[in-house]
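Read the structure below first, then the notes.
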Amino acid sequence: MASDHELTLQTERMQAKIEDGIGWMVFNNPARHNALSLEMWEGMGDILEHFASNDAVRVIVMRGAGGKSFVSGADISEFDKSRANAEQRASYGVVAGRATQWLGKIEKPLIGLIEGYCIGGGLATALSADVRFATPDSRFGIPAAKLGLGYEFEGLAKLARLVGPSRARDIMFSARFMPASEAYDMGLVNFIHERDVIESACIDYAKTIASNAPLTVKTAKAAINAWERGSRADEVAAVRAMVDACFNSEDYREGRKAFASKRTPEFKNR
């Protein structure tokens, strides 16, 4: 695998590095509570595209800089110049859509490390993660009803699948903010850790994933995603082919040998 390094990006409002098999994607706009600007959407797409093709990355962690917010939503200060009407929304959507597509199709495990506010587009971004860590003081919500904007179908479908239609309606209709404990109870969050240990806990968890067989993890994610999307015949067939590939892989042979000799396997992703 390639050596650890930081990525050079077109914007300073996004940061990325590869370290010990973990690809870190950081939303770096703390002055605006990491509100997503157009350049951040573009940077996100660049980062995820790089991580997807880089064999050094086994798992991806995304987090917000500054400790006060994961992502507080879209950067509303840009709305008058970039999202003032339906035509501008379409242009904005081309850039943001590339990042959103990568969040939806990335085959590697994606973890959200949430400290503070996770609001609106931030919650939509966090929902694209496979696993979410949060601090006890984190807050979650989608205040679209307080702004009058429409919320995209895909984001609400994901929310409803995760927490159920009744809770999704509550979140959208009330536009209220929820504490981390409530988010945990409804399944929005997998783990809650205090601020002084959340990073180390997340890293330990990510390293556990990174040490496992990549083909098996990739296949499991593909299977669960296919189920979420309605178990389409073509996607189910693709998953079955991936399962066969796991059984025919060098990693499966390595896993059996390691188990027999009571040693830790060294998986090569092939």
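Each chain of the structure tokens is named A, B, ... in the order shown, its residues numbered from 1; ligands are numbered from 1 in display order.
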(request) Might you pull out every residue within 10 Å of A:Glu266, with only C-alpha atoms counted and same-chain residues fewer than 3 positions away left off, and present them as a list of chain:residue names? (result)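 My reading of the contact set: A:Ser211, A:Asn212, A:Ala213, A:Asp251, A:Glu254, A:Gly255, A:Ala258, A:Arg263, A:Asn269.
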(request) Compile the contact shell of A:Asp196 as a count of residues only: residues with an atom at most 12 Å away, counting only C-alpha atoms, same-chain residues fewer than 5 positions apart removed. (result) 7
(message) Which residues are close to A:Leu188, i.e. within 10 Å by only C-alpha atoms, leaving aside same-chain residues fewer than 4 positions away? Reply as a list in words.
(response)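 Residues meeting the cut-off are Leu123, Ala126, Leu127, Val131, Arg132, Phe133, Ala134, Phe140, Leu159, Leu162, Val163, Ala180, Ser181, Glu182, Ala183 and Tyr184 of chain A.
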Residues from the last selection, C-alpha atoms, saved as a JSON list (two decimals), in the first residue's frame:
```json
[["chain", "number", "residue", "atom", "x", "y", "z"],
["A", 123, "LEU", "CA", -27.24, 15.28, 8.97],
["A", 126, "ALA", "CA", -23.81, 11.91, 8.24],
["A", 127, "LEU", "CA", -26.62, 9.58, 7.12],
["A", 131, "VAL", "CA", -21.43, 3.92, 11.22],
["A", 132, "ARG", "CA", -21.72, 7.10, 13.30],
["A", 133, "PHE", "CA", -19.89, 8.12, 16.48],
["A", 134, "ALA", "CA", -21.07, 11.15, 18.47],
["A", 140, "PHE", "CA", -29.16, 16.63, 15.38],
["A", 159, "LEU", "CA", -33.74, 8.97, 6.96],
["A", 162, "LEU", "CA", -33.00, 4.37, 9.22],
["A", 163, "VAL", "CA", -35.36, 5.70, 11.89],
["A", 180, "ALA", "CA", -27.34, 12.67, 21.09],
["A", 181, "SER", "CA", -29.16, 10.34, 23.51],
["A", 182, "GLU", "CA", -32.37, 10.55, 21.49],
["A", 183, "ALA", "CA", -30.45, 10.14, 18.22],
["A", 184, "TYR", "CA", -28.86, 7.02, 19.68]]
```
(request) Identify which of the residues A:Gly121, A:Pro109, A:Gly66, A:Gly104 lies closest to A:His33, counting only C-alpha atoms when measuring atom-to-atom distances. (result)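 The answer is A:Gly66, which sits nearest to A:His33.
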(message) as a list in words, please: every residue in stretch 14-82 of chain A that DSSP puts in helix (DSSP H, G or I).
(response)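 So, restricting stretch 14-82 of chain A to helix (DSSP H, G or I), we get Pro30, Ala31, Arg32, Leu38, Glu39, Met40, Trp41, Glu42, Gly43, Met44, Gly45, Asp46, Ile47, Leu48, Glu49, His50, Phe51, Ala52, Ser53, Ile76, Ser77, Glu78, Phe79, Asp80, Lys81 and Ser82 of chain A.
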(message) Could you list, as a ChimeraX atom specification, every residue within 12 Å of A:Glu199, counting only C-alpha atoms and ignoring same-chain residues fewer than 6 positions away?
(response) /A:24,61-64,67,111-115,133-135,191-193,205-206
Take the residues from that selection and write them out as a PDB file, in the first residue's frame, keeping C-alpha atoms.
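Below you can see again-v3.pdb, which holds the result:
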```
ATOM      1  CA  TRP A  24      -9.605  11.193   6.830  1.00  0.00           C
ATOM      2  CA  VAL A  61     -13.625   8.736   8.567  1.00  0.00           C
ATOM      3  CA  MET A  62     -15.263  12.131   8.067  1.00  0.00           C
ATOM      4  CA  ARG A  63     -15.397  14.808  10.741  1.00  0.00           C
ATOM      5  CA  GLY A  64     -15.716  18.559  11.230  1.00  0.00           C
ATOM      6  CA  GLY A  67     -15.001  20.686  17.655  1.00  0.00           C
ATOM      7  CA  ILE A 111     -17.596   6.443   9.451  1.00  0.00           C
ATOM      8  CA  GLY A 112     -18.972   9.745  10.729  1.00  0.00           C
ATOM      9  CA  LEU A 113     -17.245  11.273  13.771  1.00  0.00           C
ATOM     10  CA  ILE A 114     -19.679  13.868  15.104  1.00  0.00           C
ATOM     11  CA  GLU A 115     -18.868  16.569  17.655  1.00  0.00           C
ATOM     12  CA  PHE A 133     -19.888   8.125  16.484  1.00  0.00           C
ATOM     13  CA  ALA A 134     -21.074  11.154  18.472  1.00  0.00           C
ATOM     14  CA  THR A 135     -20.260  13.088  21.607  1.00  0.00           C
ATOM     15  CA  PHE A 191     -21.812   4.938  19.532  1.00  0.00           C
ATOM     16  CA  ILE A 192     -21.599   7.821  22.019  1.00  0.00           C
ATOM     17  CA  HIS A 193     -18.233   8.723  23.573  1.00  0.00           C
ATOM     18  CA  TYR A 205     -12.826   0.935  15.524  1.00  0.00           C
ATOM     19  CA  ALA A 206     -11.612   2.052  12.086  1.00  0.00           C
TER      20      ALA A 206
END
```
(request) Have a look at atom CA of A:Lys17 and atom CA of A:Asp4 and let me know their distance in Å, one decimal. (result)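 Atom-to-atom, atom CA of A:Lys17 and atom CA of A:Asp4 are spaced 7.4 Å apart.
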(request) For atom CA of A:Leu48 and atom CA of A:Ile203, quote the distance in Å rounded to one decimal. (result)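 Between these atoms lies a distance of 18.8 Å.
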(message) Give me the residues near A:Ser53 as a VMD selection string, where near means some atom within 12 Å (using only C-alpha atoms) and where sequence neighbours in that chain fewer than 3 positions away do not count.
(response) chain A and resid 1 to 2 23 46 to 50 56 to 58 102 106 to 108
Counting only C-alpha atoms, what is within 6 Å of stretch 5-14 of chain A, bar same-chain residues fewer than 5 positions away, as a tab-separated table (two decimals) with C-alpha atoms, in the first residue's frame?
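And here is the file that came out, around38.tsv:
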```tsv
chain	number	residue	atom	x	y	z
A	26	VAL	CA	-12.30	16.94	7.31
A	27	PHE	CA	-14.84	19.73	6.82
A	28	ASN	CA	-12.69	22.78	7.55
A	29	ASN	CA	-14.98	25.80	7.78
A	40	MET	CA	-16.47	22.28	-0.08
```
(request) State, in Å with one decimal place, the distance from atom CA of A:Gln101 to atom CA of A:Ala35. (result) 19.2 Å
(message) Calculated over only C-alpha atoms, which of the candidates A:Ala220, A:Ala226, A:Ile119, A:Ala210 has the smallest distance to A:Met242?
(response)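 When distances to A:Met242 are compared using only C-alpha atoms, the smallest one comes from A:Ala220.
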